[in-house]
Amino acid sequence: MTERSPRLSRLRRVVPESRAGRPVEARGARPRRRGAQPKVVALGGGMGLSASLAALRRITGDLTAVVTVADDGGSSGRLRDELGVLPPGDLRKALAALCGDDDWGQTWARVIQHRFQSKGDLHEHAVGNLLIVALWEQLGDHVQALDLVGKLLGAHGRVLPMSAVPLELQALVKGHDPERPEDVDTVRGQATVALTPGEVQSVHLVPHDPPAVPEAVEAVLDADWVVLGPGSWFSSVIPHLLVPELLDALTETKARRVLSLNLAPQPGETEGFSPQRHLEVLGRHAPKLALDVVLADEAAVPDRDVLTEAAKRFGAAVELAPVARRDGTPRHDPELLAAAYDRIFRMHGRIGPWR
């Protein structure tokens, strides 16, 4: 076993036991009582993370979402600019995805996702964004406030920001200006990067060495499975690998790691990307990252052999499964995605004692 990085050793000491979300178990073999559920951590942001959470909450009751905080558009961007807070939008979406399918859960999911329509300052603000920010101001604690919102909603899991400071996403983009197709420009802001013309070469965060939320690091280190993706590749998935303490945790955790690929390239940031190209750019940003499984929709992979070779560079096996909605849209079906995750959890590596 490799020695834990000084960053992680220091960070784990600062997580208050009362805020850890659950008792901290000793690592090593981590014996678990028969019938216990797997601890799963999902990382991402936006609709991709929401799709993953909607699936994962169907197969485990021990679920934590770690959410990117670089959004600078829409209601989140306005609140961030005006109040200097973390952008709450992706956190709100994750909480909504964790709501149950009963009347209580679905009612609250609709309420926090509701956007005001007016000709005034409230136009397009989401109710959940305002609620989250209000509790941040009342409690002065990001994690405590999100836990309280989750309790109100009856959320089937926990939501944590990946960092406690607002982050700016910047990208190096080749051909951002169509009149200068060979030039590389810096594009600033998650909303701009997500829709940028040209070819994204790499992304980075400002500040360059942002602190991770200790509870997020703790969750990754204590997980049985970590799920990365699907989602906007450069603006929601890769940013987690740019937070040093979080990357250390992803590298050192004993958890199995699953990368869930998108159903289709996204206009702008991944236009024309093949499944294996997604892996290549991930590897450029985190060369030491290892994976156990790469999950992809079988209809979205034109050449399994090529994807298998790309996955081997991470030490991963490829699992193909039908996970898309049957209406032809590039969206994940929560039931099908849940079935795919469940099969992976049962069949790869440890067959957990929760079975």
# chains A, B, ... in the order shown; residues from 1 in each chain; ligands from 1
>>> residues_around(residues="Glu309 in chain A", least_positions_apart="6", cutoff="12 Å", atoms="only C-alpha atoms", output="number ranges by chain")
A: 275-277, 279-280, 294, 303, 315-318
>>> write_last_selection(atoms="N, CA and C atoms", output="mmCIF file, in the first residue's frame")
data_model
loop_
_atom_site.group_PDB
_atom_site.id
_atom_site.type_symbol
_atom_site.label_atom_id
_atom_site.label_comp_id
_atom_site.auth_asym_id
_atom_site.auth_seq_id
_atom_site.Cartn_x
_atom_site.Cartn_y
_atom_site.Cartn_z
ATOM 1 N N PRO A 275 -15.683 7.679 -28.234
ATOM 2 C CA PRO A 275 -15.605 7.250 -26.833
ATOM 3 C C PRO A 275 -14.170 7.199 -26.313
ATOM 4 N N GLN A 276 -13.245 6.679 -27.135
ATOM 5 C CA GLN A 276 -11.861 6.579 -26.671
ATOM 6 C C GLN A 276 -11.194 7.947 -26.541
ATOM 7 N N ARG A 277 -11.643 8.921 -27.331
ATOM 8 C CA ARG A 277 -11.072 10.272 -27.198
ATOM 9 C C ARG A 277 -11.419 10.865 -25.830
ATOM 10 N N LEU A 279 -11.560 9.215 -23.110
ATOM 11 C CA LEU A 279 -10.584 8.635 -22.190
ATOM 12 C C LEU A 279 -9.212 9.287 -22.346
ATOM 13 N N GLU A 280 -8.841 9.569 -23.577
ATOM 14 C CA GLU A 280 -7.528 10.166 -23.819
ATOM 15 C C GLU A 280 -7.385 11.521 -23.127
ATOM 16 N N VAL A 294 -15.023 0.896 -17.334
ATOM 17 C CA VAL A 294 -15.549 1.966 -18.188
ATOM 18 C C VAL A 294 -16.902 1.485 -18.703
ATOM 19 N N ASP A 303 -16.630 0.892 -32.132
ATOM 20 C CA ASP A 303 -15.546 -0.093 -32.185
ATOM 21 C C ASP A 303 -15.144 -0.455 -30.756
ATOM 22 N N GLY A 315 -6.113 0.535 -16.721
ATOM 23 C CA GLY A 315 -6.298 -0.701 -15.991
ATOM 24 C C GLY A 315 -7.738 -1.133 -15.897
ATOM 25 N N ALA A 316 -8.583 -0.658 -16.803
ATOM 26 C CA ALA A 316 -10.026 -0.857 -16.706
ATOM 27 C C ALA A 316 -10.553 -1.848 -17.733
ATOM 28 N N ALA A 317 -11.630 -2.518 -17.354
ATOM 29 C CA ALA A 317 -12.405 -3.327 -18.280
ATOM 30 C C ALA A 317 -13.540 -2.488 -18.850
ATOM 31 N N VAL A 318 -14.050 -2.881 -19.997
ATOM 32 C CA VAL A 318 -15.159 -2.170 -20.634
ATOM 33 C C VAL A 318 -16.440 -2.964 -20.435
#
>>> residues_around(residues="Val66 in chain A", least_positions_apart="3", cutoff="7 Å", atoms="only C-alpha atoms", output="list in words")
Ala42, Leu43, Gly44, Val159, Leu160, Pro161, Met162 and Ala216 of chain A
>>> write_last_selection(atoms="all heavy atoms", output="PDB file, in the first residue's frame")
ATOM      1  N   ALA A  42     -20.580   9.548  -6.139  1.00  0.00           N
ATOM      2  CA  ALA A  42     -20.690   9.938  -7.550  1.00  0.00           C
ATOM      3  C   ALA A  42     -20.177  11.358  -7.704  1.00  0.00           C
ATOM      4  O   ALA A  42     -20.571  12.250  -6.950  1.00  0.00           O
ATOM      5  CB  ALA A  42     -22.145   9.845  -8.011  1.00  0.00           C
ATOM      6  N   LEU A  43     -19.306  11.560  -8.691  1.00  0.00           N
ATOM      7  CA  LEU A  43     -18.709  12.867  -8.924  1.00  0.00           C
ATOM      8  C   LEU A  43     -19.143  13.407 -10.279  1.00  0.00           C
ATOM      9  O   LEU A  43     -19.188  12.663 -11.268  1.00  0.00           O
ATOM     10  CB  LEU A  43     -17.179  12.789  -8.892  1.00  0.00           C
ATOM     11  CG  LEU A  43     -16.520  12.444  -7.559  1.00  0.00           C
ATOM     12  CD1 LEU A  43     -16.468  10.943  -7.341  1.00  0.00           C
ATOM     13  CD2 LEU A  43     -15.101  13.009  -7.494  1.00  0.00           C
ATOM     14  N   GLY A  44     -19.442  14.698 -10.333  1.00  0.00           N
ATOM     15  CA  GLY A  44     -19.828  15.308 -11.598  1.00  0.00           C
ATOM     16  C   GLY A  44     -20.567  16.606 -11.365  1.00  0.00           C
ATOM     17  O   GLY A  44     -20.356  17.308 -10.375  1.00  0.00           O
ATOM     18  N   VAL A 159     -25.342  15.416  -0.530  1.00  0.00           N
ATOM     19  CA  VAL A 159     -24.757  16.247  -1.576  1.00  0.00           C
ATOM     20  C   VAL A 159     -23.697  17.147  -0.958  1.00  0.00           C
ATOM     21  O   VAL A 159     -23.963  17.848   0.029  1.00  0.00           O
ATOM     22  CB  VAL A 159     -25.837  17.096  -2.283  1.00  0.00           C
ATOM     23  CG1 VAL A 159     -25.191  18.080  -3.261  1.00  0.00           C
ATOM     24  CG2 VAL A 159     -26.827  16.193  -3.013  1.00  0.00           C
ATOM     25  N   LEU A 160     -22.501  17.145  -1.547  1.00  0.00           N
ATOM     26  CA  LEU A 160     -21.380  17.943  -1.065  1.00  0.00           C
ATOM     27  C   LEU A 160     -20.753  18.709  -2.223  1.00  0.00           C
ATOM     28  O   LEU A 160     -20.653  18.180  -3.332  1.00  0.00           O
ATOM     29  CB  LEU A 160     -20.305  17.051  -0.446  1.00  0.00           C
ATOM     30  CG  LEU A 160     -20.704  16.191   0.754  1.00  0.00           C
ATOM     31  CD1 LEU A 160     -19.595  15.190   1.067  1.00  0.00           C
ATOM     32  CD2 LEU A 160     -20.987  17.066   1.966  1.00  0.00           C
ATOM     33  N   PRO A 161     -20.305  19.944  -1.985  1.00  0.00           N
ATOM     34  CA  PRO A 161     -19.511  20.630  -3.020  1.00  0.00           C
ATOM     35  C   PRO A 161     -18.097  20.076  -3.022  1.00  0.00           C
ATOM     36  O   PRO A 161     -17.587  19.630  -1.990  1.00  0.00           O
ATOM     37  CB  PRO A 161     -19.533  22.093  -2.551  1.00  0.00           C
ATOM     38  CG  PRO A 161     -19.704  22.005  -1.067  1.00  0.00           C
ATOM     39  CD  PRO A 161     -20.497  20.744  -0.779  1.00  0.00           C
ATOM     40  N   MET A 162     -17.434  20.094  -4.185  1.00  0.00           N
ATOM     41  CA  MET A 162     -16.071  19.561  -4.226  1.00  0.00           C
ATOM     42  C   MET A 162     -15.090  20.537  -3.569  1.00  0.00           C
ATOM     43  O   MET A 162     -14.037  20.130  -3.089  1.00  0.00           O
ATOM     44  CB  MET A 162     -15.640  19.251  -5.658  1.00  0.00           C
ATOM     45  CG  MET A 162     -15.415  20.422  -6.559  1.00  0.00           C
ATOM     46  SD  MET A 162     -14.834  19.854  -8.198  1.00  0.00           S
ATOM     47  CE  MET A 162     -14.460  21.442  -8.974  1.00  0.00           C
ATOM     48  N   ALA A 216     -15.938  15.679   1.422  1.00  0.00           N
ATOM     49  CA  ALA A 216     -15.905  15.068   0.094  1.00  0.00           C
ATOM     50  C   ALA A 216     -14.725  14.111  -0.026  1.00  0.00           C
ATOM     51  O   ALA A 216     -14.845  13.006  -0.566  1.00  0.00           O
ATOM     52  CB  ALA A 216     -15.840  16.147  -0.990  1.00  0.00           C
TER      53      ALA A 216
END
>>> atom_distance(atom1="CA of Val133 in chain A", atom2="CA of Pro334 in chain A")
28.8 Å
>>> residues_around(residues="range 238-252 of chain A", least_positions_apart="3", cutoff="6 Å", atoms="only C-alpha atoms", output="ChimeraX atom specification")
/A:210,212,217,221,234,289
>>> closest_residue(among="A:Leu139, A:Pro88, A:Asp292, A:Lys174", to="Lys312 in chain A", atoms="only C-alpha atoms")
A:Asp292
>>> select_by_dssp(residues="range 47-154 of chain A", states="strand (DSSP E or B)", output="compact mmCIF listing (two decimals) with all heavy atoms, in the first residue's frame")
# COMPACT_ATOMS: atom_id res chain seq x y z
N ASP A 62 -26.67 4.31 0.60
CA ASP A 62 -25.47 4.97 1.14
C ASP A 62 -24.76 5.66 -0.03
O ASP A 62 -23.80 5.14 -0.60
CB ASP A 62 -24.56 3.94 1.80
CG ASP A 62 -23.55 4.57 2.75
OD1 ASP A 62 -23.26 5.77 2.57
OD2 ASP A 62 -23.06 3.87 3.64
N LEU A 63 -25.27 6.82 -0.38
CA LEU A 63 -24.87 7.50 -1.62
C LEU A 63 -24.50 8.94 -1.32
O LEU A 63 -25.22 9.66 -0.63
CB LEU A 63 -26.04 7.45 -2.61
CG LEU A 63 -25.89 8.18 -3.95
CD1 LEU A 63 -24.69 7.65 -4.73
CD2 LEU A 63 -27.17 8.01 -4.77
N THR A 64 -23.36 9.37 -1.85
CA THR A 64 -22.89 10.75 -1.70
C THR A 64 -22.55 11.31 -3.06
O THR A 64 -21.85 10.67 -3.85
CB THR A 64 -21.64 10.82 -0.80
OG1 THR A 64 -21.95 10.30 0.49
CG2 THR A 64 -21.16 12.26 -0.64
N ALA A 65 -23.05 12.52 -3.34
CA ALA A 65 -22.71 13.23 -4.57
C ALA A 65 -21.68 14.30 -4.25
O ALA A 65 -21.85 15.07 -3.30
CB ALA A 65 -23.95 13.87 -5.17
N VAL A 66 -20.61 14.35 -5.03
CA VAL A 66 -19.60 15.41 -4.92
C VAL A 66 -19.69 16.24 -6.19
O VAL A 66 -19.47 15.73 -7.29
CB VAL A 66 -18.19 14.84 -4.72
CG1 VAL A 66 -17.16 15.97 -4.64
CG2 VAL A 66 -18.14 13.98 -3.45
N VAL A 67 -20.01 17.52 -6.03
CA VAL A 67 -20.49 18.33 -7.15
C VAL A 67 -19.52 19.47 -7.46
O VAL A 67 -19.01 20.13 -6.55
CB VAL A 67 -21.89 18.92 -6.81
CG1 VAL A 67 -22.46 19.69 -7.99
CG2 VAL A 67 -22.84 17.80 -6.38
N ARG A 115 -38.60 27.64 -11.52
CA ARG A 115 -37.99 28.94 -11.83
C ARG A 115 -39.08 30.00 -11.96
O ARG A 115 -40.09 29.78 -12.63
CB ARG A 115 -37.17 28.88 -13.13
CG ARG A 115 -35.92 28.03 -13.02
CD ARG A 115 -35.10 28.07 -14.30
NE ARG A 115 -33.96 27.19 -14.22
CZ ARG A 115 -32.76 27.55 -13.74
NH1 ARG A 115 -32.59 28.79 -13.30
NH2 ARG A 115 -31.77 26.69 -13.70
N ALA A 126 -34.06 29.98 -9.64
CA ALA A 126 -34.64 28.73 -9.18
C ALA A 126 -34.88 28.79 -7.68
O ALA A 126 -34.03 29.27 -6.92
CB ALA A 126 -33.71 27.56 -9.51
>>> decode(residues="range 225-251 of chain A", atoms="N, CA and C atoms", output="short mmCIF file (atom, residue, chain, number, x, y, z; two decimals), in the first residue's frame")
data_model
loop_
_atom_site.label_atom_id
_atom_site.label_comp_id
_atom_site.auth_asym_id
_atom_site.auth_seq_id
_atom_site.Cartn_x
_atom_site.Cartn_y
_atom_site.Cartn_z
N TRP A 225 -17.39 2.10 -3.94
CA TRP A 225 -17.38 2.40 -5.37
C TRP A 225 -17.42 3.90 -5.57
N VAL A 226 -16.64 4.37 -6.53
CA VAL A 226 -16.67 5.78 -6.95
C VAL A 226 -17.07 5.80 -8.42
N VAL A 227 -18.05 6.64 -8.74
CA VAL A 227 -18.55 6.76 -10.11
C VAL A 227 -18.22 8.17 -10.61
N LEU A 228 -17.53 8.24 -11.72
CA LEU A 228 -17.16 9.52 -12.34
C LEU A 228 -17.88 9.62 -13.68
N GLY A 229 -18.61 10.72 -13.90
CA GLY A 229 -19.39 10.87 -15.12
C GLY A 229 -20.73 10.18 -14.99
N PRO A 230 -21.58 10.29 -16.01
CA PRO A 230 -21.41 11.06 -17.25
C PRO A 230 -21.58 12.55 -16.99
N GLY A 231 -21.44 13.35 -18.05
CA GLY A 231 -21.63 14.79 -17.92
C GLY A 231 -20.77 15.54 -18.90
N SER A 232 -20.88 16.85 -18.88
CA SER A 232 -20.05 17.70 -19.73
C SER A 232 -18.58 17.44 -19.38
N TRP A 233 -17.83 16.93 -20.34
CA TRP A 233 -16.53 16.33 -20.04
C TRP A 233 -15.55 17.34 -19.45
N PHE A 234 -15.39 18.47 -20.12
CA PHE A 234 -14.41 19.45 -19.67
C PHE A 234 -14.94 20.35 -18.56
N SER A 235 -16.24 20.51 -18.46
CA SER A 235 -16.77 21.47 -17.50
C SER A 235 -17.44 20.85 -16.28
N SER A 236 -17.70 19.52 -16.30
CA SER A 236 -18.32 18.88 -15.14
C SER A 236 -17.57 17.66 -14.63
N VAL A 237 -16.90 16.93 -15.52
CA VAL A 237 -16.23 15.69 -15.12
C VAL A 237 -14.77 15.94 -14.75
N ILE A 238 -14.00 16.50 -15.67
CA ILE A 238 -12.56 16.70 -15.44
C ILE A 238 -12.26 17.65 -14.28
N PRO A 239 -13.08 18.70 -14.01
CA PRO A 239 -12.74 19.60 -12.90
C PRO A 239 -12.46 18.91 -11.57
N HIS A 240 -13.10 17.77 -11.29
CA HIS A 240 -12.83 17.06 -10.03
C HIS A 240 -11.38 16.60 -9.96
N LEU A 241 -10.78 16.34 -11.11
CA LEU A 241 -9.40 15.86 -11.14
C LEU A 241 -8.41 17.00 -11.00
N LEU A 242 -8.89 18.23 -10.98
CA LEU A 242 -8.04 19.41 -10.88
C LEU A 242 -7.99 19.98 -9.47
N VAL A 243 -8.69 19.34 -8.54
CA VAL A 243 -8.62 19.70 -7.12
C VAL A 243 -7.63 18.72 -6.48
N PRO A 244 -6.44 19.18 -6.10
CA PRO A 244 -5.37 18.25 -5.71
C PRO A 244 -5.76 17.25 -4.63
N GLU A 245 -6.41 17.69 -3.58
CA GLU A 245 -6.76 16.76 -2.50
C GLU A 245 -7.79 15.74 -2.96
N LEU A 246 -8.68 16.14 -3.85
CA LEU A 246 -9.68 15.20 -4.36
C LEU A 246 -9.03 14.19 -5.30
N LEU A 247 -8.09 14.65 -6.13
CA LEU A 247 -7.36 13.72 -7.00
C LEU A 247 -6.53 12.75 -6.18
N ASP A 248 -5.89 13.23 -5.11
CA ASP A 248 -5.15 12.33 -4.22
C ASP A 248 -6.07 11.25 -3.67
N ALA A 249 -7.26 11.66 -3.25
CA ALA A 249 -8.21 10.69 -2.69
C ALA A 249 -8.65 9.68 -3.74
N LEU A 250 -8.90 10.15 -4.95
CA LEU A 250 -9.30 9.24 -6.03
C LEU A 250 -8.18 8.27 -6.39
N THR A 251 -6.95 8.71 -6.23
CA THR A 251 -5.80 7.86 -6.54
C THR A 251 -5.55 6.83 -5.43
#
